[in-house]
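Asks: Got a file for you: query_35.txt, compact mmCIF, C-alpha atoms and all ligand atoms.
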# COMPACT_ATOMS: atom_id res chain seq x y z
CA MET A 1 31.83 -2.67 17.57
CA PRO A 2 29.59 -4.20 14.84
CA ALA A 3 29.20 -2.32 11.54
CA PRO A 4 26.52 0.41 11.53
CA VAL A 5 23.16 -0.03 9.81
CA LEU A 6 23.01 1.75 6.46
CA ILE A 7 19.95 3.99 6.11
CA ASP A 8 18.64 5.31 2.77
CA LEU A 9 15.03 6.32 3.41
CA LYS A 10 13.57 8.88 1.03
CA PHE A 11 10.79 9.98 3.37
CA ASN A 12 10.40 12.32 6.32
CA PRO A 13 14.14 13.21 6.51
CA GLU A 14 13.81 15.31 9.70
CA GLY A 15 11.88 12.58 11.55
CA VAL A 16 14.30 9.88 10.41
CA ALA A 17 17.37 11.92 11.50
CA ARG A 18 15.81 12.78 14.88
CA ILE A 19 14.74 9.25 15.76
CA LEU A 20 17.98 7.72 14.47
CA LYS A 21 19.84 9.56 17.24
CA THR A 22 18.53 7.03 19.76
CA ALA A 23 18.10 3.98 17.48
CA PHE A 24 20.57 1.13 16.93
CA ALA A 25 22.41 2.04 20.14
CA ASP A 26 24.87 -0.87 20.00
CA ARG A 27 25.95 -0.42 16.37
CA GLY A 28 24.99 3.07 15.21
CA SER A 29 23.87 4.01 11.71
CA ILE A 30 25.01 5.77 8.56
CA ASN A 31 22.23 7.97 7.25
CA LEU A 32 22.83 8.70 3.57
CA ALA A 33 20.53 11.74 3.84
CA ASP A 34 23.32 13.34 5.88
CA PRO A 35 25.58 15.26 3.42
CA ALA A 36 28.61 14.33 5.56
CA THR A 37 28.26 10.70 4.35
CA LYS A 38 28.80 11.68 0.69
CA GLY A 39 31.49 9.48 -0.88
CA ARG A 40 31.87 7.40 2.29
CA ASP A 41 33.17 3.84 1.85
CA LEU A 42 30.19 1.52 2.46
CA SER A 43 32.02 -1.77 2.11
CA GLY A 44 31.80 -4.04 5.16
CA ILE A 45 28.22 -2.92 5.94
CA ASP A 46 25.96 -5.91 6.72
CA TYR A 47 22.48 -4.38 6.92
CA ALA A 48 20.67 -1.70 4.93
CA LEU A 49 17.24 -0.14 5.53
CA LEU A 50 15.92 1.23 2.24
CA TRP A 51 13.05 3.19 0.72
CA LYS A 52 13.64 4.47 -2.83
CA PRO A 53 17.43 4.18 -2.41
CA ASP A 54 20.00 5.76 -4.73
CA ALA A 55 20.44 3.78 -7.95
CA ASP A 56 24.10 2.97 -7.16
CA LEU A 57 23.39 1.85 -3.57
CA PHE A 58 24.17 -1.84 -4.15
CA GLU A 59 27.42 -1.01 -5.97
CA ARG A 60 28.50 1.19 -3.08
CA ALA A 61 27.49 -1.37 -0.40
CA PRO A 62 28.66 -4.71 -1.84
CA ASP A 63 28.73 -6.74 1.40
CA LEU A 64 25.08 -6.60 2.55
CA LYS A 65 23.78 -9.69 4.34
CA VAL A 66 20.14 -8.58 4.81
CA ILE A 67 18.11 -5.81 3.18
CA PHE A 68 15.22 -4.22 5.09
CA SER A 69 12.41 -2.32 3.37
CA GLY A 70 11.28 0.95 4.93
CA GLY A 71 7.70 -0.03 4.07
CA ALA A 72 5.45 -3.01 3.48
CA GLY A 73 6.21 -2.85 -0.26
CA VAL A 74 9.62 -3.63 -1.71
CA ASP A 75 9.17 -2.46 -5.30
CA SER A 76 11.28 0.69 -4.78
CA PHE A 77 14.51 -1.31 -5.00
CA MET A 78 13.68 -4.74 -6.46
CA ASN A 79 14.79 -3.63 -9.95
CA LEU A 80 17.91 -1.70 -8.97
CA PRO A 81 21.15 -2.90 -10.56
CA GLY A 82 23.24 -5.21 -8.40
CA LEU A 83 20.44 -6.25 -5.99
CA PRO A 84 22.31 -8.94 -4.03
CA ASP A 85 20.91 -12.43 -3.47
CA VAL A 86 20.33 -11.94 0.27
CA PRO A 87 17.12 -12.04 2.34
CA ILE A 88 14.83 -9.04 1.93
CA VAL A 89 12.65 -8.25 4.94
CA ARG A 90 9.58 -6.07 4.56
CA PHE A 91 7.94 -3.94 7.25
CA VAL A 92 4.97 -5.54 8.95
CA ASP A 93 3.64 -3.46 11.80
CA ARG A 94 0.46 -3.25 13.84
CA SER A 95 0.19 0.51 13.54
CA LEU A 96 0.76 0.54 9.76
CA THR A 97 -1.86 -2.18 9.33
CA THR A 98 -4.36 -0.33 11.51
CA ARG A 99 -3.87 2.91 9.60
CA MET A 100 -4.44 1.20 6.28
CA SER A 101 -7.68 -0.36 7.49
CA GLU A 102 -8.82 3.06 8.76
CA TRP A 103 -8.22 4.48 5.28
CA VAL A 104 -10.01 1.63 3.51
CA VAL A 105 -13.03 1.71 5.83
CA MET A 106 -13.19 5.51 5.59
CA GLN A 107 -13.16 5.46 1.77
CA CYS A 108 -15.82 2.75 1.61
CA LEU A 109 -18.03 4.72 4.00
CA MET A 110 -17.50 7.96 2.08
CA HIS A 111 -18.70 6.29 -1.12
CA LEU A 112 -21.52 4.45 0.66
CA ARG A 113 -22.82 7.73 2.15
CA GLU A 114 -22.13 9.70 -1.06
CA GLN A 115 -20.00 12.17 0.85
CA HIS A 116 -19.08 14.08 -2.33
CA LYS A 117 -22.72 15.19 -2.60
CA HIS A 118 -22.75 16.42 1.00
CA ASP A 119 -19.48 18.31 0.34
CA LEU A 120 -21.10 20.02 -2.63
CA HIS A 121 -24.29 20.78 -0.72
CA GLN A 122 -22.30 22.28 2.13
CA ARG A 123 -20.40 24.60 -0.22
CA GLU A 124 -23.78 25.65 -1.70
CA ARG A 125 -25.37 25.96 1.79
CA THR A 126 -28.02 23.48 0.63
CA TRP A 127 -29.88 21.25 3.12
CA GLY A 128 -29.64 18.15 0.89
CA LYS A 129 -30.83 15.01 2.67
CA LEU A 130 -29.67 11.74 1.12
CA ILE A 131 -31.02 8.24 1.64
CA PRO A 132 -28.05 5.96 1.00
CA PRO A 133 -28.16 2.17 1.03
CA GLU A 134 -26.82 0.43 4.11
CA ALA A 135 -23.42 -1.25 4.13
CA ALA A 136 -24.91 -4.75 3.94
CA GLU A 137 -26.26 -3.92 0.47
CA ILE A 138 -22.73 -3.31 -0.86
CA THR A 139 -20.20 -6.03 -1.68
CA VAL A 140 -16.61 -4.90 -1.16
CA GLY A 141 -14.13 -7.03 -3.10
CA VAL A 142 -10.64 -6.83 -1.62
CA MET A 143 -7.78 -7.69 -3.98
CA GLY A 144 -4.74 -8.89 -2.03
CA LEU A 145 -5.41 -10.96 1.07
CA GLY A 146 -2.07 -10.44 2.79
CA VAL A 147 -1.45 -8.66 6.07
CA LEU A 148 -3.27 -5.50 4.98
CA GLY A 149 -6.06 -7.05 2.92
CA GLN A 150 -7.11 -9.45 5.68
CA ASP A 151 -7.20 -6.76 8.36
CA ALA A 152 -9.19 -4.39 6.12
CA LEU A 153 -11.60 -7.16 5.31
CA ARG A 154 -12.25 -7.91 9.00
CA LYS A 155 -12.94 -4.26 9.78
CA LEU A 156 -15.17 -3.76 6.74
CA LYS A 157 -17.17 -6.73 7.96
CA VAL A 158 -17.58 -5.11 11.38
CA MET A 159 -19.06 -2.06 9.61
CA GLY A 160 -21.62 -4.37 8.02
CA PHE A 161 -20.32 -4.54 4.44
CA ASN A 162 -20.62 -7.82 2.59
CA VAL A 163 -16.96 -8.65 1.89
CA ILE A 164 -15.26 -11.01 -0.54
CA GLY A 165 -11.56 -11.46 -1.27
CA TRP A 166 -9.20 -12.39 -4.09
CA SER A 167 -5.55 -13.43 -4.00
CA ARG A 168 -2.96 -15.35 -6.02
CA THR A 169 -3.37 -18.44 -3.86
CA ARG A 170 -6.69 -19.29 -2.24
CA LYS A 171 -7.24 -18.29 1.38
CA ASN A 172 -9.68 -19.85 3.80
CA LEU A 173 -11.10 -17.01 5.87
CA ASP A 174 -13.92 -17.51 8.31
CA GLY A 175 -17.21 -16.26 6.93
CA VAL A 176 -15.68 -14.68 3.81
CA GLU A 177 -16.07 -15.91 0.25
CA THR A 178 -12.62 -16.02 -1.32
CA PHE A 179 -11.36 -16.44 -4.87
CA ASP A 180 -7.99 -17.26 -6.42
CA SER A 181 -6.30 -15.94 -9.58
CA ALA A 182 -8.23 -18.27 -11.88
CA GLU A 183 -11.57 -16.96 -10.53
CA LEU A 184 -10.97 -13.29 -11.25
CA ASP A 185 -14.04 -12.70 -13.43
CA THR A 186 -16.42 -14.35 -10.95
CA PHE A 187 -14.97 -12.20 -8.16
CA LEU A 188 -15.27 -8.99 -10.20
CA ALA A 189 -18.85 -9.74 -11.25
CA LYS A 190 -19.88 -9.74 -7.56
CA THR A 191 -17.96 -6.61 -6.58
CA ASP A 192 -19.48 -3.13 -6.02
CA PHE A 193 -16.46 -1.49 -4.33
CA LEU A 194 -13.11 -2.83 -5.54
CA VAL A 195 -10.31 -2.32 -2.99
CA GLY A 196 -6.75 -2.76 -4.32
CA LEU A 197 -4.14 -3.86 -1.78
CA LEU A 198 -1.80 -5.66 -4.16
CA PRO A 199 1.99 -5.31 -4.27
CA LEU A 200 3.63 -4.05 -7.48
CA THR A 201 5.08 -6.95 -9.48
CA PRO A 202 5.30 -7.65 -13.22
CA GLU A 203 1.90 -9.45 -12.92
CA THR A 204 0.16 -6.53 -11.20
CA THR A 205 1.61 -3.73 -13.36
CA GLY A 206 -1.18 -2.03 -15.33
CA PHE A 207 -3.64 -4.51 -13.85
CA TYR A 208 -6.46 -2.12 -12.94
CA ASN A 209 -7.46 -1.12 -16.45
CA ALA A 210 -10.57 -0.60 -18.60
CA ARG A 211 -10.97 -4.33 -19.27
CA LEU A 212 -11.03 -5.06 -15.55
CA PHE A 213 -13.38 -2.16 -14.67
CA ALA A 214 -15.80 -3.41 -17.35
CA LYS A 215 -16.18 -6.69 -15.43
CA LEU A 216 -17.28 -5.11 -12.13
CA ARG A 217 -20.93 -5.40 -11.14
CA GLN A 218 -23.20 -2.72 -12.59
CA GLY A 219 -26.58 -1.98 -11.04
CA GLY A 220 -25.71 -2.66 -7.40
CA ALA A 221 -27.25 -0.65 -4.56
CA LEU A 222 -25.38 2.51 -5.63
CA GLY A 223 -25.86 1.83 -9.34
CA LYS A 224 -22.21 1.91 -10.37
CA PRO A 225 -19.03 0.31 -9.04
CA VAL A 226 -16.26 2.23 -7.28
CA PHE A 227 -12.48 1.71 -7.49
CA ILE A 228 -10.36 2.21 -4.34
CA ASN A 229 -6.59 1.71 -4.52
CA ALA A 230 -3.89 1.99 -1.87
CA GLY A 231 -1.56 -0.73 -3.23
CA ARG A 232 0.69 0.80 -5.86
CA GLY A 233 0.02 3.43 -8.52
CA ARG A 234 1.75 1.58 -11.31
CA SER A 235 -0.84 -1.20 -10.92
CA GLN A 236 -3.47 1.21 -12.28
CA VAL A 237 -3.89 2.69 -15.77
CA GLN A 238 -4.88 6.24 -14.88
CA PRO A 239 -6.29 7.32 -18.26
CA ASP A 240 -8.58 4.26 -18.01
CA ILE A 241 -9.81 5.39 -14.58
CA VAL A 242 -10.54 8.86 -15.96
CA SER A 243 -12.47 7.53 -18.97
CA ALA A 244 -14.32 4.93 -16.87
CA ILE A 245 -15.54 7.71 -14.57
CA GLU A 246 -16.36 10.08 -17.41
CA SER A 247 -18.29 7.38 -19.28
CA GLY A 248 -20.13 6.25 -16.14
CA MET A 249 -18.58 2.77 -16.10
CA LEU A 250 -17.24 3.68 -12.62
CA GLY A 251 -19.28 5.78 -10.21
CA GLY A 252 -16.23 7.05 -8.32
CA ALA A 253 -12.76 6.29 -7.01
CA SER A 254 -10.46 6.74 -4.04
CA LEU A 255 -6.75 6.78 -4.84
CA ASP A 256 -3.81 6.99 -2.46
CA VAL A 257 -1.16 5.88 -4.96
CA PHE A 258 -0.33 7.05 -8.49
CA GLU A 259 1.71 6.14 -11.54
CA VAL A 260 3.79 9.28 -10.90
CA GLU A 261 4.05 10.69 -7.37
CA PRO A 262 3.41 13.45 -6.52
CA LEU A 263 0.40 13.43 -8.84
CA PRO A 264 1.11 16.27 -11.33
CA ALA A 265 -1.03 19.39 -10.80
CA GLU A 266 -2.46 19.18 -14.33
CA ASP A 267 -3.68 15.57 -13.95
CA PRO A 268 -7.42 15.25 -14.75
CA LEU A 269 -7.97 13.01 -11.69
CA TRP A 270 -7.73 16.01 -9.36
CA SER A 271 -10.96 17.54 -10.60
CA LEU A 272 -13.18 14.53 -11.31
CA GLU A 273 -16.43 14.34 -9.39
CA ASN A 274 -16.54 11.66 -6.67
CA VAL A 275 -12.81 10.99 -6.79
CA PHE A 276 -11.05 11.23 -3.42
CA ILE A 277 -7.28 11.72 -3.61
CA THR A 278 -4.81 11.26 -0.78
CA PRO A 279 -1.02 11.72 -1.15
CA HIS A 280 0.27 8.19 -0.50
CA ASP A 281 -0.32 8.55 3.21
CA ALA A 282 -2.94 5.84 3.76
CA ALA A 283 -0.51 4.00 6.05
CA VAL A 284 2.83 5.65 6.73
CA SER A 285 5.76 3.82 8.31
CA GLU A 286 6.29 5.21 11.78
CA GLU A 287 10.06 5.58 12.23
CA SER A 288 10.54 4.39 15.82
CA ALA A 289 8.49 1.24 15.12
CA LEU A 290 10.44 0.70 11.90
CA PHE A 291 13.84 0.96 13.61
CA ARG A 292 12.69 -1.33 16.45
CA HIS A 293 11.53 -3.91 13.90
CA VAL A 294 14.92 -3.78 12.10
CA ASP A 295 16.77 -4.11 15.42
CA THR A 296 14.63 -7.13 16.37
CA GLN A 297 15.23 -8.83 13.04
CA ILE A 298 19.00 -8.20 13.18
CA SER A 299 19.10 -9.76 16.67
CA ARG A 300 17.19 -12.80 15.39
CA PHE A 301 19.53 -13.13 12.40
CA GLU A 302 22.63 -12.89 14.56
CA ARG A 303 21.26 -15.49 17.01
CA GLY A 304 20.82 -17.82 14.04
CA GLU A 305 16.99 -17.64 14.18
CA ALA A 306 14.81 -17.32 11.08
CA LEU A 307 14.08 -13.79 9.87
CA GLN A 308 10.39 -12.83 9.74
CA PHE A 309 8.45 -11.21 6.86
CA VAL A 310 10.96 -12.34 4.23
CA VAL A 311 10.09 -11.55 0.62
CA ASP A 312 9.62 -14.42 -1.83
CA ARG A 313 12.11 -13.37 -4.51
CA GLN A 314 10.40 -15.51 -7.13
CA ALA A 315 6.95 -13.97 -6.50
CA GLY A 316 8.46 -10.48 -6.10
CA TYR A 317 6.69 -9.47 -2.88
P1 LIG B 401 1.32 -9.07 1.58
O1 LIG B 401 2.55 -9.55 0.91
O2 LIG B 401 1.06 -9.49 2.98
O3 LIG B 401 0.04 -9.46 0.71
C1 LIG B 401 0.01 -9.35 -0.68
C2 LIG B 401 -1.26 -9.99 -1.18
O4 LIG B 401 -1.36 -9.76 -2.58
C3 LIG B 401 -1.27 -11.52 -0.99
O5 LIG B 401 -2.55 -11.97 -0.63
C4 LIG B 401 -0.91 -12.04 -2.39
O6 LIG B 401 -1.43 -13.31 -2.71
C5 LIG B 401 -1.59 -10.99 -3.24
N1 LIG B 401 -1.01 -10.98 -4.59
C6 LIG B 401 0.24 -10.66 -4.95
N2 LIG B 401 0.40 -10.77 -6.29
C7 LIG B 401 -0.78 -11.19 -6.76
C8 LIG B 401 -1.26 -11.51 -8.05
N3 LIG B 401 -0.48 -11.42 -9.13
N4 LIG B 401 -2.54 -11.91 -8.17
C9 LIG B 401 -3.33 -12.03 -7.09
N5 LIG B 401 -2.94 -11.75 -5.83
C10 LIG B 401 -1.69 -11.33 -5.67
O7 LIG B 401 1.37 -7.47 1.47
P2 LIG B 401 0.68 -6.39 2.43
O8 LIG B 401 -0.73 -6.75 2.63
O9 LIG B 401 1.50 -6.17 3.64
O10 LIG B 401 0.81 -5.07 1.53
C11 LIG B 401 0.25 -5.00 0.25
C12 LIG B 401 0.76 -3.78 -0.49
O11 LIG B 401 0.18 -2.60 0.02
C13 LIG B 401 2.25 -3.51 -0.39
O12 LIG B 401 3.01 -4.33 -1.25
C14 LIG B 401 2.33 -2.05 -0.80
O13 LIG B 401 2.46 -1.97 -2.22
C15 LIG B 401 0.98 -1.48 -0.39
N6 LIG B 401 1.09 -0.54 0.73
C16 LIG B 401 0.65 0.75 0.55
C17 LIG B 401 0.70 1.65 1.58
C18 LIG B 401 0.15 3.01 1.42
O14 LIG B 401 0.31 3.84 2.32
N7 LIG B 401 -0.53 3.31 0.32
C19 LIG B 401 1.24 1.28 2.90
C20 LIG B 401 1.66 -0.09 2.99
C21 LIG B 401 1.58 -0.96 1.93
P3 LIG B 401 -0.98 -14.62 -1.88
O15 LIG B 401 -1.70 -14.49 -0.55
O16 LIG B 401 -1.49 -15.73 -2.69
O17 LIG B 401 0.50 -14.56 -1.75
C1 LIG B 402 4.54 0.90 2.07
C2 LIG B 402 4.05 2.23 1.67
O1 LIG B 402 4.77 0.05 1.20
O2 LIG B 402 4.01 3.13 2.53
O3 LIG B 402 4.70 0.69 3.29
O4 LIG B 402 3.66 2.43 0.52
So that I can check it, write out the structure of this file as structure tokens.
Replies:
Amino acid sequence: MPAPVLIDLKFNPEGVARILKTAFADRGSINLADPATKGRDLSGIDYALLWKPDADLFERAPDLKVIFSGGAGVDSFMNLPGLPDVPIVRFVDRSLTTRMSEWVVMQCLMHLREQHKHDLHQRERTWGKLIPPEAAEITVGVMGLGVLGQDALRKLKVMGFNVIGWSRTRKNLDGVETFDSAELDTFLAKTDFLVGLLPLTPETTGFYNARLFAKLRQGGALGKPVFINAGRGRSQVQPDIVSAIESGMLGGASLDVFEVEPLPAEDPLWSLENVFITPHDAAVSEESALFRHVDTQISRFERGEALQFVVDRQAGY
């Protein structure tokens, strides 16, 4: 019997435990959320599936051959002590991608149609007709043209938005103007709605800050630019978002991710006008799809085939 898959997923513990009962049928699993596994010897384990794992995980499991991320991002364990030099596979999944695009399109539409004003009018029982611009008058600039950024961009285009994209290396995408790292300012100067779908790396930490917001286009169809982020919270400087909104440099924001999660109750972001907050659920990892993906990749690895969705250790994502 091959060694079980090690599971340390700090999300939805009940769902993970329930779905694990029928996953990895030929090798089983060790779920560290189960108190019975406390102190268990983890040597000899080949594969681990991780999301915010315990800090001593890699000391306890010294023989890993492949690490799987429980999400598309890998930042929750890249800096843990003892990270072994083995392939790291992230989660790429149709359903996760679709959910993220739903969130991005929804946020862009809510800002386009000034939904916060309708919410206010409804609470006041006011019949407040608005005449918003149409999507084609707004340029959405998507930062990060990976799996999620490219799908969001396609769907924003279907809704009629003018879309442009920015990434570390230039992409050639049909009918979309794209920019690379060196062209950041040109990209920002054309952007009305900035959508962040970047991974967290040393380069993207603290990246969305006052200096960057100041370079976004002012005077577009809605007057002021909007910041929308579902990448990672530590890429944004939250006090800068608050002051940019209070000073009118930004007209609004939609945030799914935060420097500290959960977002503390006293944080000023909660009560700012035209700021939509969601609790890091733009695109959740669905457990059965996640376990199937890990199973598939383990089979590939054991047949000697190349793993898919492997992280570039140098780039950090
Ligand atoms: P990918 O790895 O497919 O794409 C990442 C993109 O970011 C690439 O286009 C890459 O450029 C670009 N990029 C990375 N670093 C830089 C940089 N320094 N400057 C410019 N561009 C950069 O990732 P995904 O699209 O699958 O996911 C993106 C992120 O979304 C995840 O890492 C995660 O943090 C977040 N996420 C959030 C979720 C949520 O629910 N809020 C759910 C899932 C993911 P290049 O193409 O040149 O490599
Ligand atoms: C992910 C996430 O990276 O949910 O998948 O944040």
Asks: Name the residues in contact with stretch 133-142 of chain A at a cut-off of 9 Å, using all atoms listed in the file, excluding same-chain residues fewer than 5 positions from it; report them as a ChimeraX atom specification.
Replies: /A:108-109,112-113,149-150,152-153,156-157,159-167,187-188,190-197,220-222
Asks: Which protein, DNA or RNA residues have an atom within 8 Å of ligand LIG 402 (chain B), counting all atoms listed in the file, as a compact mmCIF listing (two decimals) with C-alpha atoms, in the coordinates of the input?
Replies:
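Listed below is the output, part.txt:
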# COMPACT_ATOMS: atom_id res chain seq x y z
CA GLY A 70 11.28 0.95 4.93
CA GLY A 71 7.70 -0.03 4.07
CA ALA A 72 5.45 -3.01 3.48
CA GLY A 73 6.21 -2.85 -0.26
CA VAL A 74 9.62 -3.63 -1.71
CA PHE A 91 7.94 -3.94 7.25
CA LEU A 96 0.76 0.54 9.76
CA ALA A 230 -3.89 1.99 -1.87
CA GLY A 231 -1.56 -0.73 -3.23
CA ARG A 232 0.69 0.80 -5.86
CA HIS A 280 0.27 8.19 -0.50
CA ASP A 281 -0.32 8.55 3.21
CA ALA A 282 -2.94 5.84 3.76
CA ALA A 283 -0.51 4.00 6.05
CA VAL A 284 2.83 5.65 6.73
CA SER A 285 5.76 3.82 8.31
Asks: Here is a test: counting only C-alpha atoms and all ligand atoms, which residue of A:Glu203, A:Glu273, A:Asp151, A:Glu302 is nearest to ligand LIG 401 (chain B)?
Replies: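 Result for the nearest residue to ligand LIG 401 (chain B): A:Glu203.
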Asks: Tell me which of A:Gly316, A:Pro2, A:Pro62, A:Gly82 sits closest to ligand LIG 401 (chain B), counting only C-alpha atoms and all ligand atoms.
Replies: A:Gly316
Asks: Choose the residue, out of A:Lys171, A:Arg27, A:Lys10, A:Arg154, that has the smallest atom-to-atom separation from A:Lys52; count all atoms listed in the file.
Replies: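 Comparing A:Lys171, A:Arg27, A:Lys10, A:Arg154 against A:Lys52, the winner is A:Lys10.
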Asks: When distances are computed from only C-alpha atoms, which of A:Phe227, A:Phe301, A:Tyr208, A:Phe11 shows the smallest separation from A:Glu259?
Replies: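 Counting only C-alpha atoms, the residue closest to A:Glu259 is A:Tyr208.
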Asks: Have a look at A:Asn79, A:Thr204, A:Ala3, A:Leu145 and name the one nearest to A:Glu177; count only C-alpha atoms.
Replies: A:Leu145
Asks: Neighbouring residues of A:Leu184 were defined as those with any atom within 10 Å, considering all atoms listed in the file; residues of the same chain fewer than 4 positions away were excluded. Please report them as a list in words.
Replies: Met143, Trp166, Ser167, Arg168, Phe179, Asp180, Leu188, Ala189, Leu212 and Lys215 of chain A
Asks: Could you tell me which of A:Ala61, A:Leu216, A:Ala289, A:Val147 comes closest to ligand LIG 401 (chain B) if we count only C-alpha atoms and all ligand atoms?
Replies: A:Val147
Asks: So how many Å separate atom CA of A:Leu6 and atom CA of A:Ala315, to one decimal?
Replies: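 Separation between atom CA of A:Leu6 and atom CA of A:Ala315: 25.9 Å.
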Asks: Just to confirm, what's the straight-line distance from atom CA of A:Ser247 to atom CA of A:Asn274 in Å (one decimal)?
Replies: 13.4 Å
Asks: Is there a way to complete stretch 232-245 of chain A with N, CA, C and O atoms and then write that out as an mmCIF file, in the coordinates of the input?
Replies:
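Result file is part-v1.cif:
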data_model
loop_
_atom_site.group_PDB
_atom_site.id
_atom_site.type_symbol
_atom_site.label_atom_id
_atom_site.label_comp_id
_atom_site.auth_asym_id
_atom_site.auth_seq_id
_atom_site.Cartn_x
_atom_site.Cartn_y
_atom_site.Cartn_z
ATOM 1 N N ARG A 232 -0.347 0.036 -5.157
ATOM 2 C CA ARG A 232 0.690 0.800 -5.860
ATOM 3 C C ARG A 232 0.099 1.456 -7.095
ATOM 4 O O ARG A 232 -0.733 0.857 -7.796
ATOM 5 N N GLY A 233 0.569 2.667 -7.402
ATOM 6 C CA GLY A 233 0.020 3.430 -8.520
ATOM 7 C C GLY A 233 0.289 2.799 -9.869
ATOM 8 O O GLY A 233 -0.529 2.915 -10.790
ATOM 9 N N ARG A 234 1.433 2.147 -10.002
ATOM 10 C CA ARG A 234 1.750 1.580 -11.310
ATOM 11 C C ARG A 234 0.931 0.324 -11.606
ATOM 12 O O ARG A 234 1.009 -0.233 -12.692
ATOM 13 N N SER A 235 0.112 -0.117 -10.638
ATOM 14 C CA SER A 235 -0.840 -1.200 -10.920
ATOM 15 C C SER A 235 -2.068 -0.665 -11.639
ATOM 16 O O SER A 235 -2.878 -1.437 -12.139
ATOM 17 N N GLN A 236 -2.254 0.665 -11.666
ATOM 18 C CA GLN A 236 -3.470 1.210 -12.280
ATOM 19 C C GLN A 236 -3.118 1.973 -13.565
ATOM 20 O O GLN A 236 -2.057 2.572 -13.676
ATOM 21 N N VAL A 237 -4.053 1.917 -14.523
ATOM 22 C CA VAL A 237 -3.890 2.690 -15.770
ATOM 23 C C VAL A 237 -4.743 3.939 -15.589
ATOM 24 O O VAL A 237 -5.973 3.885 -15.716
ATOM 25 N N GLN A 238 -4.103 5.055 -15.271
ATOM 26 C CA GLN A 238 -4.880 6.240 -14.880
ATOM 27 C C GLN A 238 -5.794 6.793 -15.965
ATOM 28 O O GLN A 238 -6.940 7.144 -15.665
ATOM 29 N N PRO A 239 -5.346 6.834 -17.238
ATOM 30 C CA PRO A 239 -6.290 7.320 -18.260
ATOM 31 C C PRO A 239 -7.541 6.433 -18.328
ATOM 32 O O PRO A 239 -8.638 6.926 -18.609
ATOM 33 N N ASP A 240 -7.409 5.146 -18.011
ATOM 34 C CA ASP A 240 -8.580 4.260 -18.010
ATOM 35 C C ASP A 240 -9.517 4.591 -16.839
ATOM 36 O O ASP A 240 -10.743 4.464 -16.957
ATOM 37 N N ILE A 241 -8.959 5.001 -15.720
ATOM 38 C CA ILE A 241 -9.810 5.390 -14.580
ATOM 39 C C ILE A 241 -10.599 6.636 -14.968
ATOM 40 O O ILE A 241 -11.815 6.726 -14.765
ATOM 41 N N VAL A 242 -9.889 7.596 -15.568
ATOM 42 C CA VAL A 242 -10.540 8.860 -15.960
ATOM 43 C C VAL A 242 -11.672 8.561 -16.949
ATOM 44 O O VAL A 242 -12.808 8.992 -16.750
ATOM 45 N N SER A 243 -11.367 7.758 -17.996
ATOM 46 C CA SER A 243 -12.470 7.530 -18.970
ATOM 47 C C SER A 243 -13.574 6.690 -18.372
ATOM 48 O O SER A 243 -14.744 6.892 -18.719
ATOM 49 N N ALA A 244 -13.253 5.750 -17.471
ATOM 50 C CA ALA A 244 -14.320 4.930 -16.870
ATOM 51 C C ALA A 244 -15.250 5.811 -16.028
ATOM 52 O O ALA A 244 -16.465 5.577 -15.984
ATOM 53 N N ILE A 245 -14.686 6.824 -15.376
ATOM 54 C CA ILE A 245 -15.540 7.710 -14.570
ATOM 55 C C ILE A 245 -16.333 8.633 -15.482
ATOM 56 O O ILE A 245 -17.541 8.824 -15.308
#
